[in-house]
>>> print(open('structure-v6.cif').read())   # mmCIF, C-alpha atoms
data_my_file
#
loop_
_atom_site.label_atom_id
_atom_site.label_comp_id
_atom_site.auth_asym_id
_atom_site.auth_seq_id
_atom_site.Cartn_x
_atom_site.Cartn_y
_atom_site.Cartn_z
CA MET A 1032 87.08 -20.88 -119.54
CA SER A 1033 88.38 -17.38 -120.31
CA CYS A 1034 86.72 -14.03 -119.63
CA LEU A 1035 86.83 -13.17 -123.35
CA ASN A 1036 84.70 -16.17 -124.31
CA LEU A 1037 82.23 -15.40 -121.54
CA SER A 1038 81.85 -11.82 -122.69
CA MET A 1039 81.27 -13.05 -126.26
CA TRP A 1040 78.52 -15.38 -125.07
CA ALA A 1041 76.82 -12.65 -123.08
CA SER A 1042 76.91 -10.15 -125.93
CA SER A 1043 75.89 -12.46 -128.81
CA LYS A 1044 72.31 -12.62 -130.05
CA PRO A 1045 70.16 -15.65 -129.13
CA LEU A 1046 69.97 -18.25 -131.87
CA ILE A 1047 67.13 -20.33 -130.37
CA HIS A 1048 63.61 -19.12 -131.02
CA ASN A 1049 61.57 -22.25 -130.33
CA SER A 1050 61.66 -23.91 -126.92
CA SER A 1051 60.28 -27.18 -128.35
CA SER A 1052 63.46 -27.79 -130.33
CA LEU A 1053 65.55 -27.18 -127.25
CA SER A 1054 66.81 -30.73 -126.81
CA PHE A 1055 67.85 -31.17 -130.43
CA GLN A 1056 69.81 -27.93 -130.70
CA SER A 1057 71.50 -28.56 -127.37
CA GLN A 1058 73.22 -31.59 -128.87
CA VAL A 1059 74.70 -29.43 -131.60
CA ASN A 1060 75.85 -26.55 -129.35
CA PRO A 1061 74.61 -26.65 -125.76
CA PHE A 1062 76.14 -23.23 -124.96
CA ARG A 1063 73.43 -21.54 -127.02
CA LEU A 1064 71.07 -22.08 -124.10
CA LEU A 1065 72.94 -19.44 -122.10
CA HIS A 1066 70.59 -16.66 -123.09
CA TYR A 1067 67.53 -18.53 -121.89
CA ILE A 1068 68.99 -19.21 -118.47
CA SER A 1069 70.69 -15.87 -117.88
CA SER A 1070 68.56 -12.88 -116.94
CA PRO A 1071 67.57 -10.54 -119.78
CA ASN A 1072 68.59 -7.48 -117.74
CA SER A 1073 72.23 -8.57 -117.82
CA LEU A 1074 72.26 -8.18 -121.60
CA SER A 1075 71.28 -4.52 -121.39
CA GLN A 1076 73.96 -3.90 -118.75
CA SER A 1077 76.74 -5.69 -120.62
CA SER A 1078 77.39 -2.67 -122.81
CA THR A 1079 77.94 -0.42 -119.78
CA ILE A 1080 80.23 -2.78 -117.83
CA PRO A 1081 83.81 -2.93 -119.19
CA SER A 1082 85.16 -6.35 -120.09
CA ILE A 1083 87.68 -7.65 -117.54
CA GLN A 1084 90.12 -10.22 -118.88
CA CYS A 1085 90.81 -12.46 -115.88
CA GLY A 1086 89.52 -15.59 -114.21
CA LEU A 1087 87.32 -16.08 -111.18
CA ARG A 1088 90.22 -16.58 -108.80
CA GLU A 1089 91.92 -13.37 -109.96
CA LEU A 1090 88.63 -11.49 -109.66
CA ARG A 1091 88.16 -12.69 -106.08
CA GLU A 1092 91.68 -11.56 -105.19
CA ARG A 1093 91.13 -8.17 -106.82
CA ILE A 1094 87.84 -7.67 -104.98
CA VAL A 1095 89.55 -8.43 -101.65
CA THR A 1096 92.40 -6.04 -102.50
CA VAL A 1097 90.04 -3.23 -103.51
CA ASN A 1098 87.98 -3.77 -100.36
CA ASN A 1099 91.10 -3.45 -98.18
CA THR A 1100 92.13 -0.31 -100.07
CA HIS A 1101 88.65 1.11 -99.51
CA LYS A 1102 88.98 0.58 -95.75
CA ILE A 1103 92.38 2.29 -95.69
CA THR A 1104 91.30 5.33 -97.70
CA GLU A 1105 88.10 5.67 -95.66
CA ALA A 1106 90.12 5.64 -92.42
CA MET A 1107 92.60 8.20 -93.77
CA LYS A 1108 89.71 10.41 -94.87
CA LEU A 1109 88.18 10.36 -91.38
CA VAL A 1110 91.54 11.03 -89.72
CA SER A 1111 92.20 14.01 -92.02
CA ALA A 1112 88.68 15.32 -91.40
CA ALA A 1113 89.30 15.24 -87.65
CA LYS A 1114 92.68 16.98 -87.95
CA VAL A 1115 91.59 19.66 -90.42
CA ARG A 1116 89.02 20.94 -87.94
CA ARG A 1117 91.73 21.67 -85.38
CA ALA A 1118 94.02 23.14 -88.04
CA GLN A 1119 91.45 25.55 -89.46
CA GLU A 1120 90.51 26.75 -85.97
CA ALA A 1121 94.18 27.53 -85.33
CA VAL A 1122 94.34 29.45 -88.60
CA ILE A 1123 91.20 31.49 -88.01
CA ASN A 1124 91.96 32.21 -84.35
CA GLY A 1125 95.49 33.37 -85.18
CA ARG A 1126 94.64 35.68 -88.07
CA PRO A 1127 93.25 38.64 -86.02
CA PHE A 1128 96.36 38.78 -83.83
CA SER A 1129 98.67 38.52 -86.81
CA GLU A 1130 96.86 41.24 -88.76
CA THR A 1131 96.65 43.58 -85.75
CA LEU A 1132 100.36 43.13 -85.02
CA VAL A 1133 101.24 44.18 -88.56
CA GLU A 1134 99.04 47.28 -88.22
CA VAL A 1135 100.71 48.26 -84.93
CA LEU A 1136 104.17 47.86 -86.45
CA TYR A 1137 103.11 49.91 -89.44
CA ASN A 1138 101.87 52.80 -87.30
CA ILE A 1139 105.05 52.76 -85.23
CA ASN A 1140 107.08 52.62 -88.41
CA GLU A 1141 105.24 55.69 -89.71
CA GLN A 1142 106.33 57.68 -86.68
CA LEU A 1143 109.89 56.49 -87.13
CA GLN A 1144 109.95 57.93 -90.64
CA LEU A 1145 109.98 61.42 -89.10
CA GLU A 1146 112.96 60.63 -86.90
CA ASP A 1147 116.56 59.80 -87.67
CA VAL A 1148 116.63 56.23 -86.37
CA ASP A 1149 117.86 52.97 -87.81
CA VAL A 1150 115.73 49.85 -87.57
CA PRO A 1151 117.40 47.05 -89.55
CA LEU A 1152 114.31 44.96 -90.22
CA THR A 1153 112.45 47.90 -91.80
CA ASP A 1154 115.39 49.04 -93.92
CA VAL A 1155 114.43 49.00 -97.60
CA ARG A 1156 117.56 48.72 -99.73
CA PRO A 1157 118.19 47.85 -103.39
CA VAL A 1158 117.43 44.18 -103.89
CA GLN A 1159 120.34 42.08 -105.10
CA LYS A 1160 119.56 38.75 -103.44
CA VAL A 1161 116.22 37.26 -102.34
CA ALA A 1162 115.61 34.53 -99.75
CA LEU A 1163 112.62 32.35 -100.62
CA VAL A 1164 111.11 30.35 -97.74
CA VAL A 1165 109.19 27.44 -99.29
CA ILE A 1166 106.76 25.60 -96.99
CA THR A 1167 105.57 22.18 -98.16
CA GLY A 1168 103.98 19.17 -96.52
CA ASP A 1169 105.66 16.25 -94.80
CA ARG A 1170 103.55 13.52 -96.38
CA GLY A 1171 102.00 12.61 -99.70
CA LEU A 1172 98.55 11.26 -100.62
CA CYS A 1173 97.17 14.80 -100.79
CA GLY A 1174 96.55 15.25 -104.50
CA GLY A 1175 98.48 18.03 -106.19
CA PHE A 1176 99.08 20.05 -103.02
CA ASN A 1177 102.86 19.74 -102.86
CA ASN A 1178 103.28 19.89 -106.63
CA ALA A 1179 101.42 23.21 -106.79
CA ILE A 1180 103.73 24.80 -104.20
CA LEU A 1181 106.90 23.45 -105.85
CA LYS A 1182 105.71 24.60 -109.25
CA LYS A 1183 105.07 28.08 -107.80
CA ALA A 1184 108.58 28.07 -106.34
CA GLU A 1185 110.11 27.10 -109.69
CA THR A 1186 108.17 29.88 -111.40
CA ARG A 1187 109.36 32.45 -108.84
CA ILE A 1188 112.97 31.28 -109.13
CA ALA A 1189 112.77 31.63 -112.92
CA GLU A 1190 111.39 35.17 -112.51
CA LEU A 1191 114.27 36.13 -110.21
CA LYS A 1192 116.78 34.73 -112.70
CA ASN A 1193 115.19 36.71 -115.52
CA LEU A 1194 115.47 39.87 -113.42
CA GLY A 1195 119.17 39.20 -112.87
CA LEU A 1196 118.75 38.72 -109.11
CA ASP A 1197 120.49 36.15 -106.98
CA TYR A 1198 118.44 33.93 -104.69
CA THR A 1199 118.59 31.31 -101.98
CA VAL A 1200 115.95 28.85 -100.81
CA ILE A 1201 115.01 27.86 -97.27
CA SER A 1202 113.07 24.62 -97.58
CA VAL A 1203 110.57 23.65 -94.86
CA GLY A 1204 108.92 20.23 -95.03
CA LYS A 1205 110.03 16.75 -96.05
CA LYS A 1206 108.51 16.88 -99.53
CA GLY A 1207 110.24 20.15 -100.35
CA ASN A 1208 113.52 18.92 -98.86
CA SER A 1209 113.55 15.75 -100.96
CA TYR A 1210 112.67 17.76 -104.07
CA PHE A 1211 115.35 20.44 -103.68
CA ARG A 1212 118.00 17.85 -102.77
CA ARG A 1213 117.49 16.37 -106.23
CA LYS A 1214 117.69 19.81 -107.86
CA THR A 1215 121.41 20.46 -108.04
CA ASP A 1216 120.89 23.74 -109.91
CA VAL A 1217 118.91 25.36 -107.05
CA GLN A 1218 120.78 27.19 -104.28
CA VAL A 1219 119.44 26.01 -100.92
CA ASP A 1220 120.56 27.72 -97.71
CA ARG A 1221 118.99 25.31 -95.24
CA PHE A 1222 116.69 22.30 -94.97
CA ILE A 1223 114.23 22.36 -92.06
CA GLN A 1224 112.11 19.40 -91.02
CA GLY A 1225 108.50 20.19 -90.14
CA GLY A 1226 106.59 18.79 -87.19
CA SER A 1227 103.24 17.09 -86.93
CA PHE A 1228 101.62 20.35 -85.78
CA PRO A 1229 103.16 23.86 -86.07
CA THR A 1230 104.56 25.29 -82.86
CA ALA A 1231 106.13 28.60 -81.90
CA LYS A 1232 109.47 26.82 -81.38
CA GLU A 1233 109.47 25.55 -84.95
CA ALA A 1234 108.55 29.00 -86.25
CA GLN A 1235 111.31 30.56 -84.13
CA THR A 1236 113.90 28.28 -85.77
CA ILE A 1237 112.92 29.60 -89.20
CA ALA A 1238 112.69 33.17 -87.93
CA ASP A 1239 116.24 33.06 -86.49
CA ASP A 1240 117.64 31.92 -89.83
CA VAL A 1241 115.71 34.59 -91.73
CA PHE A 1242 116.74 37.28 -89.21
CA SER A 1243 120.44 36.46 -89.50
CA LEU A 1244 120.33 36.47 -93.30
CA PHE A 1245 118.58 39.84 -93.51
CA VAL A 1246 120.45 41.70 -90.76
CA SER A 1247 123.84 40.55 -92.07
CA GLU A 1248 122.75 41.87 -95.50
CA GLU A 1249 123.32 38.49 -97.13
CA VAL A 1250 119.85 38.94 -98.57
CA ASP A 1251 117.92 42.14 -99.22
CA LYS A 1252 114.43 40.68 -99.27
CA VAL A 1253 112.71 37.65 -97.70
CA GLU A 1254 109.66 36.10 -99.36
CA LEU A 1255 107.38 33.50 -97.84
CA LEU A 1256 105.76 30.89 -100.12
CA TYR A 1257 102.99 28.77 -98.67
CA ALA A 1258 99.47 27.49 -99.42
CA LYS A 1259 96.81 29.87 -98.14
CA PHE A 1260 93.81 28.01 -96.74
CA VAL A 1261 90.61 29.10 -98.50
CA SER A 1262 88.21 26.19 -98.09
CA LEU A 1263 88.15 22.42 -97.78
CA VAL A 1264 88.35 22.10 -101.56
CA LYS A 1265 90.61 25.04 -102.41
CA SER A 1266 93.98 26.45 -101.36
CA ASN A 1267 96.01 29.12 -103.12
CA PRO A 1268 99.83 29.10 -103.21
CA VAL A 1269 100.81 32.68 -102.35
CA ILE A 1270 104.07 34.58 -102.03
CA HIS A 1271 104.24 37.57 -99.71
CA THR A 1272 107.10 39.73 -98.55
CA LEU A 1273 108.20 38.95 -95.00
CA LEU A 1274 111.10 41.40 -94.78
CA PRO A 1275 111.42 44.34 -94.96
CA LEU A 1276 108.19 45.26 -93.18
CA SER A 1277 105.38 46.19 -95.55
CA ALA A 1278 104.87 49.92 -95.84
CA LYS A 1279 101.08 49.57 -96.08
CA GLY A 1280 100.54 47.69 -92.85
CA GLU A 1281 99.32 44.68 -94.80
CA VAL A 1282 100.71 41.29 -95.66
CA CYS A 1283 101.01 41.50 -99.45
CA ASP A 1284 102.26 39.22 -102.17
CA VAL A 1285 104.93 40.09 -104.71
CA ASN A 1286 102.32 41.80 -106.90
CA GLY A 1287 101.16 44.08 -104.10
CA ASN A 1288 97.89 42.22 -103.49
CA CYS A 1289 96.79 41.86 -99.89
CA VAL A 1290 96.60 38.26 -98.70
CA ASP A 1291 94.90 39.12 -95.41
CA ALA A 1292 91.34 37.86 -94.96
CA SER A 1293 88.58 40.11 -93.69
CA GLU A 1294 86.08 37.24 -93.74
CA ASP A 1295 86.88 33.62 -92.97
CA GLU A 1296 84.78 30.56 -93.66
CA LEU A 1297 84.65 27.97 -90.91
CA PHE A 1298 83.79 24.48 -92.11
CA ARG A 1299 82.10 22.17 -89.64
CA LEU A 1300 82.15 18.45 -90.41
CA THR A 1301 78.93 16.66 -89.54
CA SER A 1302 77.15 13.46 -90.55
CA LYS A 1303 73.95 13.46 -92.57
CA GLU A 1304 72.13 10.25 -93.48
CA GLY A 1305 75.17 8.23 -92.42
CA LYS A 1306 77.57 10.14 -94.69
CA LEU A 1307 80.11 12.88 -94.03
CA SER A 1308 78.77 16.38 -94.82
CA VAL A 1309 80.09 19.92 -94.46
CA GLU A 1310 78.39 22.97 -92.95
CA ARG A 1311 79.79 26.38 -93.76
CA ASP A 1312 79.83 29.33 -91.36
CA THR A 1313 81.19 32.81 -92.03
CA VAL A 1314 83.46 34.42 -89.45
CA ARG A 1315 83.93 38.17 -89.78
CA THR A 1316 87.21 39.60 -88.58
CA LYS A 1317 86.74 42.93 -86.81
CA ARG A 1318 89.32 45.48 -87.92
CA ASP A 1319 89.14 48.54 -85.66
CA ALA A 1320 90.74 51.73 -86.88
CA PHE A 1321 94.04 52.77 -85.29
CA LEU A 1322 93.81 56.04 -83.37
CA PRO A 1323 95.71 58.81 -85.18
CA ASN A 1324 96.67 60.64 -81.95
CA LEU A 1325 98.07 57.60 -80.18
CA GLU A 1326 101.20 58.34 -78.17
CA PHE A 1327 103.78 55.87 -76.93
CA GLU A 1328 105.34 56.20 -73.50
CA GLN A 1329 108.50 54.37 -74.51
CA ASP A 1330 110.80 55.14 -77.37
CA PRO A 1331 109.28 53.77 -80.63
CA VAL A 1332 112.65 52.22 -81.47
CA GLN A 1333 112.54 50.11 -78.30
CA ILE A 1334 108.96 49.06 -79.03
CA ILE A 1335 109.65 48.04 -82.60
CA ASP A 1336 112.83 46.20 -81.58
CA ALA A 1337 110.73 44.20 -79.13
CA LEU A 1338 107.89 43.57 -81.60
CA MET A 1339 109.89 42.65 -84.70
CA PRO A 1340 110.94 39.18 -83.42
CA LEU A 1341 107.32 38.60 -82.43
CA TYR A 1342 106.25 39.73 -85.91
CA LEU A 1343 108.60 37.27 -87.61
CA ASN A 1344 107.55 34.40 -85.38
CA CYS A 1345 103.86 35.22 -85.78
CA GLN A 1346 103.92 35.49 -89.58
CA ILE A 1347 105.90 32.28 -90.02
CA LEU A 1348 103.70 30.40 -87.55
CA ARG A 1349 100.64 31.63 -89.41
CA ALA A 1350 102.08 30.42 -92.73
CA LEU A 1351 102.84 27.00 -91.20
CA GLN A 1352 99.29 26.74 -89.87
CA GLU A 1353 97.77 27.78 -93.19
CA SER A 1354 99.93 25.25 -95.02
CA LEU A 1355 98.98 22.42 -92.64
CA ALA A 1356 95.26 23.19 -92.92
CA SER A 1357 95.54 23.25 -96.72
CA GLU A 1358 97.46 19.95 -96.73
CA LEU A 1359 94.91 18.19 -94.51
CA ALA A 1360 92.01 19.51 -96.57
CA ALA A 1361 93.71 18.34 -99.77
CA ARG A 1362 94.37 14.92 -98.25
CA MET A 1363 90.77 14.61 -97.11
CA GLY A 1364 89.57 15.42 -100.62
CA ALA A 1365 92.03 13.01 -102.23
CA MET A 1366 91.07 10.18 -99.88
CA SER A 1367 87.39 10.91 -100.46
CA ASN A 1368 87.88 10.57 -104.21
CA ALA A 1369 89.95 7.41 -103.70
CA THR A 1370 87.20 5.93 -101.52
CA ASP A 1371 84.55 6.68 -104.13
CA ASN A 1372 86.71 5.15 -106.85
CA ALA A 1373 87.28 2.04 -104.73
CA VAL A 1374 83.53 1.62 -104.19
CA GLU A 1375 82.87 1.98 -107.92
CA LEU A 1376 85.67 -0.43 -108.84
CA LYS A 1377 84.46 -2.99 -106.29
CA LYS A 1378 80.97 -2.78 -107.78
CA THR A 1379 82.31 -3.30 -111.30
CA LEU A 1380 84.46 -6.26 -110.25
CA SER A 1381 81.57 -7.84 -108.35
CA ILE A 1382 79.32 -7.61 -111.41
CA ALA A 1383 82.02 -9.17 -113.60
CA TYR A 1384 82.64 -11.90 -111.02
CA ASN A 1385 78.94 -12.76 -110.72
CA ARG A 1386 78.55 -12.89 -114.49
CA GLN A 1387 81.51 -15.19 -114.97
CA ARG A 1388 80.37 -17.43 -112.12
CA GLN A 1389 76.85 -17.57 -113.54
CA ALA A 1390 78.17 -18.36 -117.03
CA LYS A 1391 80.45 -21.09 -115.67
CA ILE A 1392 77.64 -22.76 -113.74
CA THR A 1393 75.31 -22.45 -116.72
CA GLY A 1394 77.88 -24.03 -119.01
CA GLU A 1395 78.39 -26.96 -116.65
CA ILE A 1396 74.64 -27.55 -116.38
CA LEU A 1397 74.29 -27.47 -120.15
CA GLU A 1398 77.14 -29.94 -120.60
CA ILE A 1399 75.45 -32.37 -118.18
CA ALA A 1400 72.11 -31.90 -119.90
CA ALA A 1401 73.68 -32.46 -123.32
CA GLY A 1402 75.42 -35.63 -122.12
CA VAL A 1403 72.19 -37.03 -120.67
CA GLU A 1404 70.37 -36.18 -123.90
CA ALA A 1405 73.04 -37.93 -125.98
CA LEU A 1406 72.76 -41.13 -123.94
CA ARG A 1407 69.06 -41.50 -124.65
#
>>> encode(input="structure-v6.cif", output="structure tokens")
Amino acid sequence: MSCLNLSMWASSKPLIHNSSSLSFQSQVNPFRLLHYISSPNSLSQSSTIPSIQCGLRELRERIVTVNNTHKITEAMKLVSAAKVRRAQEAVINGRPFSETLVEVLYNINEQLQLEDVDVPLTDVRPVQKVALVVITGDRGLCGGFNNAILKKAETRIAELKNLGLDYTVISVGKKGNSYFRRKTDVQVDRFIQGGSFPTAKEAQTIADDVFSLFVSEEVDKVELLYAKFVSLVKSNPVIHTLLPLSAKGEVCDVNGNCVDASEDELFRLTSKEGKLSVERDTVRTKRDAFLPNLEFEQDPVQIIDALMPLYLNCQILRALQESLASELAARMGAMSNATDNAVELKKTLSIAYNRQRQAKITGEILEIAAGVEALR
């Protein structure tokens, strides 16, 4: 008995209007009694439930499969929710130090402008070649997170080509590595594998590569492309100049817009009525003014030489932390949507299964009743 025939029975109009002639009409077509045995509410719902063309056994298997998928996506959602809390705390706790370090380097750099000194990492020269550090995730199942970063990288590479500038890419993350390995037309300097959680050692590996490229004048500018963490439902792919040091004491993108955050939103995951909910708190970053008459005991050149490696490591570590928090938030959102879809699909399949089972039992009862009536 096919699903198509069952759906036709459920959607057809009843042909029996008199219960007294029930036994006679059952001999002609006993399946017309379906509408008297089935509930009237199922007729009103049949228009809203899509027709599923499969048998009872296939429906049972699909319900079991969807139920297993629901358990997996629910577990991945909870794991991502637990990890994103730690990641966003690392991002928010590291931002004040990173922003203050840039301000200190800027003020020292201002004093160096009045002296005849040479600091390689602050040397602004005509740009002929740009190094683009692209930070992606190591895993999928996070919606369009990785695609947004790779699309931003392709757009930036096209802009550099239109400007007549040469470029090279430093890829960080498994997803970016696999993508750029397939792109034979993109110049890649190095592939770097990311870790489960960003560390200073991992950031130092990237910083050493960037430092050698810039100091040896193989590249004249280093840009960092990563996903800036905004909230649990939003992340913005940004590009900011890593080297040479920004002249404004800010971390800015290629358009000159500051990507530093004066106010951060901390999202706390709690449970309300048995379901996962989010509470939002605002964290204000205090930005004290730098004293104009500050004097340094040591030579500013020695100070900036000591701080520049720390600056590179700090900015790259911050970008890795922002990218990880954005990836986990995107994965949590994607798994939440997948869980909701699995629940809805399981409900739809269960309704279709119950209807087909009810129609099959009803048909068998009617066949028995018609046979008994014919033997009289």
>>> closest_residue(input="structure-v6.cif", among="A:Ala1189, A:Ala1162, A:Leu1172, A:Leu1194", to="Val1241 (chain A)", atoms="all atoms listed in the file")
A:Ala1162
>>> resolve_selection(input="structure-v6.cif", expression="the PyMOL selection byres ((chain A and resi 1121-1124) around 7)", output="PyMOL selection string")
chain A and resi 1117-1120+1125-1127+1295+1349+1352-1353
>>> atom_distance(input="structure-v6.cif", atom1="CA of Thr1379 (chain A)", atom2="CA of Met1107 (chain A)")
23.4 Å
>>> closest_residue(input="structure-v6.cif", among="A:Ala1356, A:Val1246, A:Leu1351, A:Val1110", to="Gly1225 (chain A)", atoms="all atoms listed in the file")
A:Leu1351
>>> atom_distance(input="structure-v6.cif", atom1="CA of Ala1234 (chain A)", atom2="CA of Ile1188 (chain A)")
23.4 Å
>>> residues_around(input="structure-v6.cif", residues="Leu1376 (chain A)", least_positions_apart="6", cutoff="10 Å", atoms="all atoms listed in the file", output="CSV table (one decimal) with C-alpha atoms, keeping the file's coordinate frame")
chain,number,residue,atom,x,y,z
A,1093,ARG,CA,91.1,-8.2,-106.8
A,1094,ILE,CA,87.8,-7.7,-105.0
A,1097,VAL,CA,90.0,-3.2,-103.5
A,1098,ASN,CA,88.0,-3.8,-100.4
A,1101,HIS,CA,88.6,1.1,-99.5
A,1370,THR,CA,87.2,5.9,-101.5
A,1382,ILE,CA,79.3,-7.6,-111.4
>>> closest_residue(input="structure-v6.cif", among="A:Pro1275, A:Pro1157, A:Gly1207, A:Gly1175", to="Leu1256 (chain A)", atoms="all atoms listed in the file")
A:Gly1207
>>> atom_distance(input="structure-v6.cif", atom1="CA of Leu1343 (chain A)", atom2="CA of Val1165 (chain A)")
15.3 Å
>>> residues_around(input="structure-v6.cif", residues="Asp1220 (chain A)", least_positions_apart="6", cutoff="10 Å", atoms="all atoms listed in the file", output="VMD selection string")
chain A and resid 1162 to 1164 1198 to 1202 1240 1244
>>> residues_near_point(input="structure-v6.cif", point="(85.4, 12.5, -96.3)", cutoff="10 Å", atoms="all atoms listed in the file", output="list in words")
Thr1104, Glu1105, Ala1106, Met1107, Lys1108, Leu1109, Val1110, Ser1111, Ala1112, Ala1113, Leu1300, Lys1306, Leu1307, Ser1308, Val1309, Ala1360, Arg1362, Met1363, Gly1364, Ala1365, Met1366, Ser1367, Asn1368, Thr1370 and Asp1371 of chain A
